[in-house]
file start14.cif (mmCIF, C-alpha atoms and all ligand atoms)
data_query
#
loop_
_atom_site.label_atom_id
_atom_site.label_comp_id
_atom_site.auth_asym_id
_atom_site.auth_seq_id
_atom_site.Cartn_x
_atom_site.Cartn_y
_atom_site.Cartn_z
CA MET A 1 93.05 72.96 73.69
CA LYS A 2 94.73 73.13 77.09
CA PRO A 3 96.76 76.26 77.85
CA THR A 4 100.51 75.68 77.93
CA VAL A 5 102.91 76.64 80.71
CA ALA A 6 106.70 76.45 80.89
CA LEU A 7 107.97 75.44 84.33
CA CYS A 8 111.47 76.88 84.73
CA TYR A 9 113.89 75.72 87.47
CA GLY A 10 117.53 74.75 87.91
CA THR A 11 118.76 74.28 91.50
CA ARG A 12 118.46 71.45 94.01
CA PRO A 13 115.49 72.84 95.97
CA GLN A 14 113.70 73.73 92.75
CA VAL A 15 113.96 70.21 91.30
CA ILE A 16 112.33 69.04 94.57
CA LYS A 17 109.47 71.55 94.31
CA ALA A 18 109.11 71.01 90.55
CA SER A 19 108.51 67.29 91.19
CA ALA A 20 105.13 68.05 92.80
CA LEU A 21 104.34 71.10 90.67
CA ARG A 22 104.88 69.44 87.33
CA ARG A 23 102.51 66.58 88.15
CA ALA A 24 99.82 68.91 89.49
CA LEU A 25 100.04 71.38 86.58
CA ALA A 26 99.88 68.53 84.04
CA GLU A 27 96.39 67.57 85.27
CA THR A 28 94.84 70.62 83.60
CA LEU A 29 97.60 72.22 81.49
CA SER A 30 100.24 71.26 78.93
CA VAL A 31 103.59 71.60 80.69
CA PHE A 32 107.07 72.14 79.26
CA ALA A 33 109.85 71.75 81.79
CA ILE A 34 113.00 73.86 81.41
CA ASP A 35 115.97 72.97 83.65
CA THR A 36 118.61 75.71 83.43
CA GLY A 37 121.39 73.40 84.62
CA GLN A 38 122.45 75.84 87.37
CA HIS A 39 123.02 72.74 89.50
CA TYR A 40 124.56 69.89 87.53
CA ASP A 41 126.40 67.64 90.01
CA TYR A 42 124.80 64.21 90.33
CA GLU A 43 123.79 64.66 93.99
CA LEU A 44 122.29 68.10 93.34
CA ASN A 45 120.39 67.21 90.18
CA GLN A 46 120.13 63.71 88.64
CA LEU A 47 119.81 61.95 92.01
CA LEU A 48 116.76 64.09 92.82
CA TYR A 49 115.16 63.35 89.45
CA ARG A 50 115.60 59.66 90.24
CA GLN A 51 114.47 59.75 93.89
CA LEU A 52 111.38 61.84 93.16
CA GLU A 53 110.62 60.17 89.81
CA VAL A 54 110.66 63.48 87.96
CA GLU A 55 110.37 63.26 84.17
CA ARG A 56 113.38 64.55 82.26
CA PRO A 57 113.05 68.23 81.28
CA ASP A 58 111.95 69.20 77.77
CA ARG A 59 114.88 71.62 77.62
CA LEU A 60 118.16 71.45 79.54
CA LEU A 61 119.98 74.79 79.21
CA GLU A 62 123.29 73.50 80.66
CA VAL A 63 124.52 76.84 81.98
CA GLY A 64 126.66 75.46 84.84
CA SER A 65 128.64 77.66 87.24
CA ALA A 66 130.03 81.14 86.67
CA SER A 67 129.85 84.60 88.24
CA HIS A 68 126.32 85.86 88.88
CA ALA A 69 126.30 88.07 85.79
CA VAL A 70 127.75 85.44 83.45
CA GLN A 71 125.55 82.65 84.85
CA THR A 72 122.35 84.73 84.80
CA GLY A 73 123.19 86.18 81.37
CA ALA A 74 123.71 82.73 79.85
CA MET A 75 120.44 81.51 81.35
CA LEU A 76 118.60 84.58 80.13
CA ALA A 77 119.76 84.12 76.53
CA ARG A 78 119.06 80.38 76.49
CA ALA A 79 115.71 80.71 78.30
CA GLU A 80 114.64 83.35 75.79
CA GLN A 81 115.42 81.03 72.90
CA ALA A 82 113.57 78.11 74.52
CA LEU A 83 110.54 80.29 75.28
CA GLN A 84 110.44 81.60 71.71
CA GLU A 85 110.40 78.02 70.43
CA LEU A 86 107.89 76.70 72.97
CA ALA A 87 105.66 79.82 73.00
CA PRO A 88 103.88 79.01 76.30
CA ASP A 89 100.88 80.96 77.61
CA ALA A 90 102.71 81.59 80.90
CA VAL A 91 106.02 80.83 82.61
CA VAL A 92 106.06 79.45 86.15
CA VAL A 93 109.18 80.18 88.22
CA ILE A 94 109.93 79.09 91.79
CA GLY A 95 111.72 80.79 94.68
CA ASP A 96 114.66 83.18 94.52
CA THR A 97 117.63 81.76 92.64
CA ASN A 98 119.43 83.03 89.55
CA SER A 99 117.36 80.49 87.59
CA THR A 100 114.18 82.10 88.92
CA LEU A 101 115.37 85.54 87.86
CA ALA A 102 116.47 84.45 84.40
CA GLY A 103 113.24 82.55 83.67
CA ALA A 104 111.10 85.48 84.83
CA LEU A 105 113.05 88.16 82.98
CA ALA A 106 113.25 86.20 79.73
CA ALA A 107 109.47 85.67 79.85
CA ALA A 108 108.63 89.26 80.84
CA LYS A 109 110.74 90.68 77.99
CA LEU A 110 108.83 88.44 75.58
CA ARG A 111 105.59 89.64 77.18
CA ILE A 112 104.77 86.14 78.37
CA PRO A 113 102.96 86.34 81.74
CA VAL A 114 105.04 85.26 84.76
CA VAL A 115 103.72 83.18 87.66
CA HIS A 116 105.88 83.34 90.79
CA VAL A 117 105.62 80.43 93.22
CA GLU A 118 106.94 81.31 96.71
CA ALA A 119 106.24 85.01 96.17
CA GLY A 120 106.27 87.72 98.83
CA LEU A 121 109.17 86.58 101.03
CA ARG A 122 111.58 89.31 102.08
CA ALA A 123 114.93 89.71 103.84
CA ALA A 124 116.12 92.96 105.42
CA ASP A 125 119.44 92.74 103.54
CA THR A 126 118.30 94.08 100.17
CA LEU A 127 121.63 93.33 98.46
CA LEU A 128 121.56 89.60 99.20
CA ALA A 129 121.66 87.80 95.83
CA GLU A 130 118.44 85.93 96.61
CA GLU A 131 116.71 89.11 97.81
CA ILE A 132 117.56 90.95 94.59
CA ASN A 133 116.13 87.99 92.67
CA ARG A 134 112.95 87.83 94.77
CA ARG A 135 112.11 91.49 94.51
CA ALA A 136 112.87 91.61 90.77
CA VAL A 137 110.76 88.54 90.07
CA ASP A 138 107.84 89.70 92.22
CA SER A 139 107.91 93.01 90.37
CA VAL A 140 107.47 91.43 86.90
CA ALA A 141 105.12 88.56 87.90
CA GLN A 142 101.40 88.91 87.29
CA LEU A 143 100.25 85.93 89.32
CA LEU A 144 101.88 85.86 92.76
CA LEU A 145 101.43 82.63 94.73
CA THR A 146 102.48 82.81 98.37
CA PRO A 147 103.42 80.16 100.94
CA CYS A 148 102.03 81.91 104.03
CA ALA A 149 99.81 84.69 105.38
CA ARG A 150 102.64 87.13 106.06
CA ALA A 151 103.87 86.99 102.44
CA THR A 152 100.30 87.52 101.21
CA ALA A 153 99.76 90.54 103.44
CA ARG A 154 103.10 92.05 102.41
CA LEU A 155 102.34 91.73 98.69
CA GLU A 156 98.82 93.09 99.15
CA GLN A 157 100.39 96.15 100.71
CA GLU A 158 103.31 96.49 98.24
CA ARG A 159 101.12 95.96 95.18
CA ALA A 160 97.98 97.77 96.33
CA GLY A 161 96.15 99.25 93.32
CA SER A 162 98.11 97.25 90.71
CA GLU A 163 96.67 94.66 88.34
CA VAL A 164 98.33 91.58 89.84
CA THR A 165 96.61 88.54 91.34
CA ILE A 166 97.84 87.36 94.74
CA ILE A 167 96.78 83.93 96.05
CA GLU A 168 97.95 82.09 99.16
CA THR A 169 98.55 78.45 98.30
CA GLY A 170 100.84 77.14 101.07
CA ASP A 171 104.34 75.76 100.59
CA VAL A 172 104.86 73.10 97.93
CA MET A 173 107.97 71.86 99.83
CA TYR A 174 105.54 70.45 102.41
CA ASP A 175 103.67 68.51 99.69
CA VAL A 176 106.91 66.80 98.67
CA LEU A 177 107.89 66.05 102.28
CA THR A 178 104.49 64.50 103.10
CA SER A 179 104.58 62.45 99.87
CA GLN A 180 107.61 60.61 101.26
CA GLY A 181 105.52 59.34 104.19
CA ASP A 182 107.23 56.67 106.25
CA THR A 183 109.39 55.41 103.41
CA LEU A 184 112.54 57.35 104.32
CA PRO A 185 115.80 55.40 104.55
CA PRO A 186 116.87 54.63 108.15
CA VAL A 187 119.66 56.84 109.48
CA SER A 188 121.84 53.75 110.11
CA GLU A 189 122.00 53.30 106.33
CA ILE A 190 123.26 56.87 105.87
CA VAL A 191 125.79 57.36 108.70
CA PRO A 192 128.00 54.97 110.73
CA ALA A 193 125.91 52.93 113.19
CA ASP A 194 127.58 54.41 116.29
CA THR A 195 126.40 57.92 115.27
CA ALA A 196 122.83 57.05 114.28
CA ASP A 197 121.17 57.19 117.73
CA SER A 198 122.12 60.67 118.82
CA PHE A 199 123.37 63.33 116.43
CA ILE A 200 123.06 66.87 115.10
CA PHE A 201 122.34 67.39 111.40
CA ALA A 202 124.07 70.42 109.85
CA THR A 203 124.04 71.99 106.38
CA LEU A 204 125.92 75.14 105.31
CA HIS A 205 126.06 76.47 101.77
CA ARG A 206 125.20 80.16 101.54
CA ALA A 207 127.63 82.59 99.92
CA GLU A 208 127.62 84.84 103.03
CA LEU A 209 129.25 82.00 104.99
CA THR A 210 131.32 80.18 102.36
CA GLY A 211 132.80 83.49 101.21
CA ASP A 212 133.87 84.53 104.74
CA SER A 213 136.59 82.19 105.95
CA ALA A 214 136.64 83.61 109.52
CA ALA A 215 132.88 83.05 109.91
CA LEU A 216 133.16 79.62 108.28
CA ALA A 217 136.01 78.64 110.62
CA GLY A 218 134.00 79.84 113.63
CA ALA A 219 130.95 77.82 112.57
CA LEU A 220 132.96 74.65 111.87
CA THR A 221 134.87 74.94 115.16
CA ALA A 222 131.61 75.40 117.09
CA LEU A 223 130.14 72.31 115.37
CA ASP A 224 133.30 70.33 116.12
CA ASP A 225 132.83 71.18 119.83
CA MET A 226 129.23 69.90 120.02
CA PRO A 227 128.43 67.25 122.67
CA VAL A 228 127.18 64.69 120.08
CA PRO A 229 128.32 63.83 116.54
CA VAL A 230 127.48 66.43 113.89
CA ILE A 231 126.69 65.11 110.38
CA LEU A 232 127.55 67.81 107.80
CA PRO A 233 126.99 66.73 104.17
CA LEU A 234 128.86 69.21 102.02
CA HIS A 235 127.31 71.25 99.19
CA PRO A 236 130.00 71.44 96.47
CA ARG A 237 130.39 75.18 97.12
CA THR A 238 131.11 74.51 100.83
CA ALA A 239 133.51 71.68 100.04
CA LYS A 240 135.46 74.05 97.78
CA ALA A 241 135.42 76.84 100.38
CA ILE A 242 136.76 74.53 103.10
CA GLU A 243 139.47 73.19 100.81
CA ARG A 244 140.44 76.74 99.86
CA ALA A 245 140.43 78.18 103.39
CA PHE A 246 141.79 75.20 105.35
CA PRO A 247 143.69 72.94 102.91
CA GLY A 248 144.16 69.43 104.30
CA ARG A 249 142.48 70.29 107.63
CA THR A 250 140.80 67.43 109.51
CA TRP A 251 138.34 67.78 112.38
CA GLU A 252 139.25 65.96 115.59
CA GLY A 253 136.02 66.38 117.52
CA SER A 254 132.33 65.86 116.77
CA LEU A 255 132.24 67.13 113.17
CA LYS A 256 131.78 64.41 110.53
CA THR A 257 131.66 65.70 106.95
CA CYS A 258 130.57 63.71 103.90
CA GLY A 259 129.53 64.43 100.31
CA ALA A 260 126.13 65.94 99.50
CA VAL A 261 123.33 63.45 100.27
CA GLY A 262 120.06 62.88 98.40
CA TYR A 263 116.73 64.48 99.29
CA ARG A 264 115.37 61.39 101.04
CA GLU A 265 118.54 60.98 103.10
CA SER A 266 118.44 64.66 104.03
CA LEU A 267 114.82 64.32 105.21
CA SER A 268 115.67 61.26 107.27
CA LEU A 269 118.60 63.05 108.93
CA SER A 270 116.44 66.08 109.66
CA ARG A 271 113.61 64.01 111.14
CA ASN A 272 115.86 61.90 113.37
CA ALA A 273 118.37 64.53 114.51
CA GLU A 274 118.25 65.97 118.02
CA LEU A 275 119.01 69.39 116.54
CA VAL A 276 119.40 70.89 113.06
CA VAL A 277 121.98 73.63 112.38
CA THR A 278 121.62 75.17 108.94
CA ASP A 279 121.66 78.24 106.69
CA SER A 280 119.21 76.67 104.19
CA GLY A 281 115.63 77.89 103.89
CA GLY A 282 114.39 74.42 102.91
CA VAL A 283 116.11 72.63 105.78
CA GLN A 284 114.71 75.17 108.29
CA ARG A 285 111.16 74.35 107.20
CA GLU A 286 111.77 70.60 107.08
CA ALA A 287 113.02 70.69 110.69
CA TYR A 288 109.95 72.76 111.63
CA TRP A 289 107.56 70.21 110.07
CA PHE A 290 109.36 67.25 111.64
CA GLY A 291 109.37 68.84 115.10
CA THR A 292 113.18 69.01 115.24
CA PRO A 293 114.61 72.18 116.87
CA CYS A 294 116.62 74.31 114.46
CA VAL A 295 119.40 76.88 114.77
CA THR A 296 119.72 79.04 111.65
CA LEU A 297 123.30 80.25 111.22
CA ARG A 298 122.52 83.56 109.52
CA ARG A 299 121.76 87.13 110.52
CA GLU A 300 118.11 86.75 109.54
CA THR A 301 115.59 84.35 108.06
CA GLU A 302 112.81 84.87 105.54
CA TRP A 303 110.90 82.03 107.26
CA ILE A 304 110.21 84.14 110.33
CA GLU A 305 107.11 82.14 111.34
CA THR A 306 109.40 79.27 112.39
CA VAL A 307 111.07 81.66 114.86
CA ASP A 308 107.74 83.08 116.08
CA VAL A 309 106.41 79.64 117.04
CA GLY A 310 109.65 78.69 118.84
CA ALA A 311 110.92 76.08 116.33
CA ASN A 312 113.93 78.06 115.12
CA VAL A 313 116.56 80.41 116.58
CA VAL A 314 118.56 82.72 114.31
CA LEU A 315 122.23 82.91 115.34
CA ASP A 316 124.78 85.18 113.68
CA PRO A 317 127.60 82.85 112.47
CA SER A 318 130.16 85.14 114.11
CA ARG A 319 128.53 84.21 117.45
CA ALA A 320 128.36 80.47 116.80
CA GLY A 321 131.12 79.72 119.32
CA SER A 322 129.32 81.42 122.19
CA GLY A 323 125.69 80.78 121.16
CA LEU A 324 125.58 77.20 119.88
CA PRO A 325 126.66 75.33 123.04
CA GLN A 326 123.74 76.56 125.12
CA LEU A 327 121.17 76.00 122.37
CA ALA A 328 122.54 72.49 121.86
CA GLU A 329 122.42 71.76 125.58
CA ASN A 330 118.67 72.52 125.68
CA ARG A 331 117.84 70.49 122.54
CA VAL A 332 115.90 67.63 124.18
CA GLU A 333 113.68 69.90 126.27
CA TRP A 334 113.27 72.21 123.25
CA ARG A 335 111.98 69.37 121.08
CA GLU A 336 109.59 68.23 123.83
CA ARG A 337 108.04 71.72 124.01
CA GLY A 338 106.81 71.36 120.39
CA TRP A 339 105.14 74.06 118.29
CA ASP A 340 102.33 74.83 115.88
CA ARG A 341 103.20 73.37 112.44
CA THR A 342 100.49 74.88 110.28
CA CYS A 343 102.09 78.18 109.19
CA TYR A 344 102.88 77.02 105.65
CA GLY A 345 99.68 75.24 104.67
CA ASP A 346 98.54 71.63 104.71
CA GLY A 347 100.72 69.83 102.14
CA ARG A 348 98.28 70.41 99.27
CA ALA A 349 99.88 73.52 97.76
CA ALA A 350 100.70 72.02 94.34
CA GLY A 351 97.02 71.32 93.60
CA ARG A 352 96.07 74.84 94.67
CA ILE A 353 98.85 76.32 92.52
CA ALA A 354 97.68 74.31 89.48
CA GLU A 355 94.09 75.39 90.07
CA ALA A 356 95.10 79.05 90.46
CA VAL A 357 97.21 79.02 87.27
CA THR A 358 94.52 77.24 85.25
CA ARG A 359 91.76 79.54 86.42
CA TRP A 360 93.92 82.61 85.82
CA LEU A 361 94.85 81.52 82.27
CA THR A 362 91.26 80.68 81.31
CA ARG A 363 89.62 83.69 83.00
C1 LIG A 401 121.90 78.48 94.78
C2 LIG A 401 120.95 79.65 95.07
C3 LIG A 401 120.50 79.59 96.53
C4 LIG A 401 119.97 78.22 96.90
C5 LIG A 401 121.00 77.15 96.54
C6 LIG A 401 120.50 75.76 96.83
C7 LIG A 401 121.38 81.65 93.69
C8 LIG A 401 121.87 83.05 93.70
N1 LIG A 401 121.58 80.94 94.83
O1 LIG A 401 123.09 78.68 95.53
O2 LIG A 401 119.49 80.55 96.73
O3 LIG A 401 119.72 78.18 98.29
O4 LIG A 401 121.30 77.26 95.14
O5 LIG A 401 121.58 74.86 96.75
O6 LIG A 401 120.85 81.20 92.70
N2 LIG A 401 128.51 73.96 92.24
C9 LIG A 401 129.01 72.71 91.93
N3 LIG A 401 128.14 71.78 91.45
C10 LIG A 401 126.82 72.07 91.24
C11 LIG A 401 126.36 73.35 91.53
C12 LIG A 401 127.20 74.28 92.04
O7 LIG A 401 130.17 72.41 92.09
O8 LIG A 401 126.07 71.17 90.80
C13 LIG A 401 129.45 74.97 92.78
C14 LIG A 401 130.00 75.89 91.74
O9 LIG A 401 131.37 75.98 91.91
C15 LIG A 401 129.40 77.24 92.06
C16 LIG A 401 128.98 77.12 93.49
O10 LIG A 401 128.76 75.72 93.74
O11 LIG A 401 130.29 78.26 91.84
C17 LIG A 401 127.74 77.86 93.79
O12 LIG A 401 126.70 77.47 92.92
P1 LIG A 401 125.57 78.51 92.49
O13 LIG A 401 124.79 77.93 91.40
O14 LIG A 401 126.19 79.83 92.29
O15 LIG A 401 124.65 78.67 93.72
P2 LIG A 401 124.44 77.95 95.10
O16 LIG A 401 125.44 78.32 96.09
O17 LIG A 401 124.21 76.49 94.91
#

call {"tool": "encode", "arguments": {"input": "start14.cif", "output": "structure tokens"}}
result
Amino acid sequence: MKPTVALCYGTRPQVIKASALRRALAETLSVFAIDTGQHYDYELNQLLYRQLEVERPDRLLEVGSASHAVQTGAMLARAEQALQELAPDAVVVIGDTNSTLAGALAAAKLRIPVVHVEAGLRAADTLLAEEINRRAVDSVAQLLLTPCARATARLEQERAGSEVTIIETGDVMYDVLTSQGDTLPPVSEIVPADTADSFIFATLHRAELTGDSAALAGALTALDDMPVPVILPLHPRTAKAIERAFPGRTWEGSLKTCGAVGYRESLSLSRNAELVVTDSGGVQREAYWFGTPCVTLRRETEWIETVDVGANVVLDPSRAGSGLPQLAENRVEWRERGWDRTCYGDGRAAGRIAEAVTRWLTR
């Protein structure tokens, strides 16, 4: 009989990664999929299932939005119940969200082994919600699968002498990107035709920015002053923050906002933009793989390799007004310089992850 794993996820980037992981794991293992329902809006969840042809989950926990404690607590209780019913041999969690934490903790408390995909990333700000999640999950996981050499080396140092297994697999996000090949929708089908030739693609959603109306205003004003149109699809959290901080405000300059777009539209915008401005980890790497220069509007990035090779510049949002114009001015020359794109593997991470989990469970 094949060993059984539960694949637990619940946010937009995790549905994307789960699309490749679920297929790869199912080649050698029985897989139960648990979607926590952390993200539930159509554009953040069902649209991705459709675009990436992901099977419906075996369990949908429907936790929705709430404070961190209430959201994580609800997920923890419901994940525990699902895991008791499904009794898998291991639980696979991805990344650093509240869904990752809840899945890992529920499993660990039931003494079900935890596999962490995207292990070993670190931010200097140890109280960042995602950083708390990452460190907690890495500390209870027994099989740690990393996207890059730096994460592997860090875990080997942190966990020296302990009984965990650390394997570098590459980044499964790259598998999903390469699977889309040349089938992405043209930009002219996503944005008005007069914007499609020359534009900046922006995404902003992190709590550090949406919760700080002065920083958010500074970032939006800097984007509105850009020399070419800026396409900013809004994560529901950002849409709410803008409505709360600047009710009824319209942007007169370059900034064009719209609702959240699908994964394939987002990839197309990232590939065809002259510059990407973002606070998303996924969008930073997608720009890096497509060869599109990226400005990360944060104080730091966990994806430091993209900065090392010259693909990405980290800019504190409070300095967006002074820093963005010059970076945007150099965008064409920046893109032409190019960079090494092999830091996060070769687009075959899902197969390696499945092989590592299977071998580990049948050792
Ligand atoms: C979460 C992750 C973050 C990840 C991001 C990807 C945590 C701590 N953070 O942030 O690491 O980069 O997902 O998008 O897990 N909302 C909706 N509709 C939805 C989902 C959310 O309206 O479908 C609103 C809710 O009002 C909620 C807010 O967005 O309060 C934030 O959602 P939440 O689940 O807390 O996390 P994200 O900001 O999406």

call {"tool": "residues_around", "arguments": {"input": "start14.cif", "residues": "A:Ala222", "least_positions_apart": "2", "cutoff": "12 Å", "atoms": "all atoms listed in the file", "output": "NGL selection string"}}
result
:A and (202 or 215-220 or 224-228 or 230 or 251 or 253-255 or 277 or 297 or 317-328)

call {"tool": "closest_atom_pairs", "arguments": {"input": "start14.cif", "of": "stretch 219-330 of chain A", "to": "stretch 118-138 of chain A", "cutoff": "8 Å", "atoms": "only C-alpha atoms", "output": "Markdown table"}}
result
| residue | atom | partner | partner_atom | distance |
| --- | --- | --- | --- | --- |
| A:Glu300 | CA | A:Ala123 | CA | 7.2 |
| A:Thr301 | CA | A:Ala123 | CA | 6.9 |
| A:Glu302 | CA | A:Ala123 | CA | 5.6 |
| A:Trp303 | CA | A:Leu121 | CA | 7.9 |

call {"tool": "atom_distance", "arguments": {"input": "start14.cif", "atom1": "atom CA of A:Ala260", "atom2": "atom CA of A:Tyr42"}}
result
9.4 Å

call {"tool": "closest_residue", "arguments": {"input": "start14.cif", "among": "A:Val176, A:Cys343, A:Leu232, A:Leu105", "to": "A:Met75", "atoms": "only C-alpha atoms"}}
result
A:Leu105

call {"tool": "closest_residue", "arguments": {"input": "start14.cif", "among": "A:Leu44, A:Val70, A:Met1, A:Ile304", "to": "A:Ala151", "atoms": "all atoms listed in the file"}}
result
A:Ile304

call {"tool": "closest_atom_pairs", "arguments": {"input": "start14.cif", "of": "chain A", "to": "ligand LIG 401 (chain A)", "cutoff": "7 Å", "atoms": "only C-alpha atoms and all ligand atoms", "output": "Markdown table"}}
result
| residue | atom | partner | partner_atom | distance |
| --- | --- | --- | --- | --- |
| A:Thr11 | CA | A:LIG401 | O4 | 5.3 |
| A:Arg12 | CA | A:LIG401 | O5 | 5.4 |
| A:Pro13 | CA | A:LIG401 | C6 | 5.9 |
| A:Gln38 | CA | A:LIG401 | O13 | 5.1 |
| A:His39 | CA | A:LIG401 | O8 | 3.7 |
| A:Tyr40 | CA | A:LIG401 | O8 | 3.8 |
| A:Asp41 | CA | A:LIG401 | O8 | 3.6 |
| A:Leu44 | CA | A:LIG401 | O8 | 5.5 |
| A:Asn45 | CA | A:LIG401 | O8 | 7.0 |
| A:Ser65 | CA | A:LIG401 | C15 | 4.9 |
| A:Ala66 | CA | A:LIG401 | O11 | 5.9 |
| A:His68 | CA | A:LIG401 | O14 | 6.9 |
| A:Asp96 | CA | A:LIG401 | O2 | 5.9 |
| A:Thr97 | CA | A:LIG401 | O6 | 3.3 |
| A:Asn98 | CA | A:LIG401 | O6 | 3.9 |
| A:Ser99 | CA | A:LIG401 | O6 | 6.2 |
| A:Ala129 | CA | A:LIG401 | C8 | 5.2 |
| A:Glu130 | CA | A:LIG401 | C8 | 5.3 |
| A:His205 | CA | A:LIG401 | O16 | 6.0 |
| A:Arg206 | CA | A:LIG401 | O16 | 5.8 |
| A:Ala207 | CA | A:LIG401 | O16 | 6.1 |
| A:Pro236 | CA | A:LIG401 | O7 | 4.5 |
| A:Arg237 | CA | A:LIG401 | O10 | 3.8 |
| A:Ser280 | CA | A:LIG401 | O3 | 6.1 |
| A:Gly281 | CA | A:LIG401 | O3 | 6.9 |

call {"tool": "closest_atom_pairs", "arguments": {"input": "start14.cif", "of": "stretch 155-230 of chain A", "to": "stretch 46-51 of chain A", "cutoff": "12 Å", "atoms": "only C-alpha atoms", "output": "CSV"}}
result
residue,atom,partner,partner_atom,distance
A:Val176,CA,A:Gln51,CA,11.4
A:Ser179,CA,A:Gln51,CA,11.9
A:Gln180,CA,A:Gln51,CA,10.1
A:Thr183,CA,A:Gln51,CA,11.6
A:Leu184,CA,A:Gln51,CA,10.9
A:Pro185,CA,A:Gln51,CA,11.6

call {"tool": "axis_aligned_box", "arguments": {"input": "start14.cif", "around": "stretch 78-83 of chain A", "padding_each_side": "6 Å", "output": "JSON"}}
result
{"center_x": 114.8, "center_y": 80.7, "center_z": 75.6, "size_x": 20.5, "size_y": 17.2, "size_z": 17.4}

call {"tool": "atom_distance", "arguments": {"input": "start14.cif", "atom1": "atom CA of A:Val172", "atom2": "atom CA of A:Ala350"}}
result
5.6 Å

call {"tool": "closest_residue", "arguments": {"input": "start14.cif", "among": "A:Asp308, A:Glu265, A:Glu80, A:Glu333", "to": "A:Pro233", "atoms": "all atoms listed in the file"}}
result
A:Glu265

call {"tool": "closest_residue", "arguments": {"input": "start14.cif", "among": "A:Gln71, A:Leu361, A:Ala20, A:Tyr263", "to": "A:Ile112", "atoms": "all atoms listed in the file"}}
result
A:Leu361

call {"tool": "atom_distance", "arguments": {"input": "start14.cif", "atom1": "atom CA of A:Gly170", "atom2": "atom CA of A:Thr152"}}
result
10.4 Å

call {"tool": "closest_residue", "arguments": {"input": "start14.cif", "among": "A:Ala287, A:Ala74, A:Ala356, A:Ala193", "to": "A:Leu269", "atoms": "all atoms listed in the file"}}
result
A:Ala287

call {"tool": "residues_near_point", "arguments": {"input": "start14.cif", "point": "(104.8, 90.1, 88.0)", "cutoff": "8 Å", "atoms": "all atoms listed in the file", "output": "ChimeraX atom specification"}}
result
/A:113-116,137-144,164

call {"tool": "write_last_selection", "arguments": {"input": "start14.cif", "atoms": "C-alpha atoms", "output": "PDB file, keeping the file's coordinate frame"}}
result
ATOM      1  CA  PRO A 113     102.960  86.340  81.740  1.00  0.00           C
ATOM      2  CA  VAL A 114     105.040  85.260  84.760  1.00  0.00           C
ATOM      3  CA  VAL A 115     103.720  83.180  87.660  1.00  0.00           C
ATOM      4  CA  HIS A 116     105.880  83.340  90.790  1.00  0.00           C
ATOM      5  CA  VAL A 137     110.760  88.540  90.070  1.00  0.00           C
ATOM      6  CA  ASP A 138     107.840  89.700  92.220  1.00  0.00           C
ATOM      7  CA  SER A 139     107.910  93.010  90.370  1.00  0.00           C
ATOM      8  CA  VAL A 140     107.470  91.430  86.900  1.00  0.00           C
ATOM      9  CA  ALA A 141     105.120  88.560  87.900  1.00  0.00           C
ATOM     10  CA  GLN A 142     101.400  88.910  87.290  1.00  0.00           C
ATOM     11  CA  LEU A 143     100.250  85.930  89.320  1.00  0.00           C
ATOM     12  CA  LEU A 144     101.880  85.860  92.760  1.00  0.00           C
ATOM     13  CA  VAL A 164      98.330  91.580  89.840  1.00  0.00           C
TER      14      VAL A 164
END

call {"tool": "closest_residue", "arguments": {"input": "start14.cif", "among": "A:Leu76, A:Val332, A:Val63, A:Ala18", "to": "A:Gly37", "atoms": "all atoms listed in the file"}}
result
A:Val63

call {"tool": "residues_around", "arguments": {"input": "start14.cif", "residues": "A:Gly181", "least_positions_apart": "3", "cutoff": "12 Å", "atoms": "all atoms listed in the file", "output": "PyMOL selection string"}}
result
chain A and resi 174-178+184-185+264+267-268+271+290+347

call {"tool": "residues_around", "arguments": {"input": "start14.cif", "residues": "A:Asp35", "least_positions_apart": "4", "cutoff": "9 Å", "atoms": "all atoms listed in the file", "output": "number ranges by chain"}}
result
A: 7-11, 15, 56-62, 99

call {"tool": "residues_around", "arguments": {"input": "start14.cif", "residues": "A:Ala153", "least_positions_apart": "5", "cutoff": "10 Å", "atoms": "all atoms listed in the file", "output": "CSV table (one decimal) with C-alpha atoms, keeping the file's coordinate frame"}}
result
chain,number,residue,atom,x,y,z
A,120,GLY,CA,106.3,87.7,98.8
A,146,THR,CA,102.5,82.8,98.4
A,148,CYS,CA,102.0,81.9,104.0
A,158,GLU,CA,103.3,96.5,98.2
A,159,ARG,CA,101.1,96.0,95.2
A,166,ILE,CA,97.8,87.4,94.7
A,168,GLU,CA,98.0,82.1,99.2

call {"tool": "build_atoms", "arguments": {"input": "start14.cif", "residues": "stretch 11-16 of chain A", "atoms": "N, CA and C atoms", "output": "JSON list (two decimals), in the frame of the given file"}}
result
[["chain", "number", "residue", "atom", "x", "y", "z"],
["A", 11, "THR", "N", 117.92, 74.61, 90.33],
["A", 11, "THR", "CA", 118.76, 74.28, 91.50],
["A", 11, "THR", "C", 118.15, 73.12, 92.27],
["A", 12, "ARG", "N", 118.92, 72.60, 93.21],
["A", 12, "ARG", "CA", 118.46, 71.45, 94.01],
["A", 12, "ARG", "C", 117.06, 71.65, 94.61],
["A", 13, "PRO", "N", 116.83, 72.73, 95.38],
["A", 13, "PRO", "CA", 115.49, 72.84, 95.97],
["A", 13, "PRO", "C", 114.37, 73.00, 94.93],
["A", 14, "GLN", "N", 114.74, 73.54, 93.78],
["A", 14, "GLN", "CA", 113.70, 73.73, 92.75],
["A", 14, "GLN", "C", 113.33, 72.43, 92.05],
["A", 15, "VAL", "N", 114.30, 71.51, 91.89],
["A", 15, "VAL", "CA", 113.96, 70.21, 91.30],
["A", 15, "VAL", "C", 112.98, 69.50, 92.25],
["A", 16, "ILE", "N", 113.22, 69.66, 93.56],
["A", 16, "ILE", "CA", 112.33, 69.04, 94.57],
["A", 16, "ILE", "C", 110.92, 69.61, 94.43]]
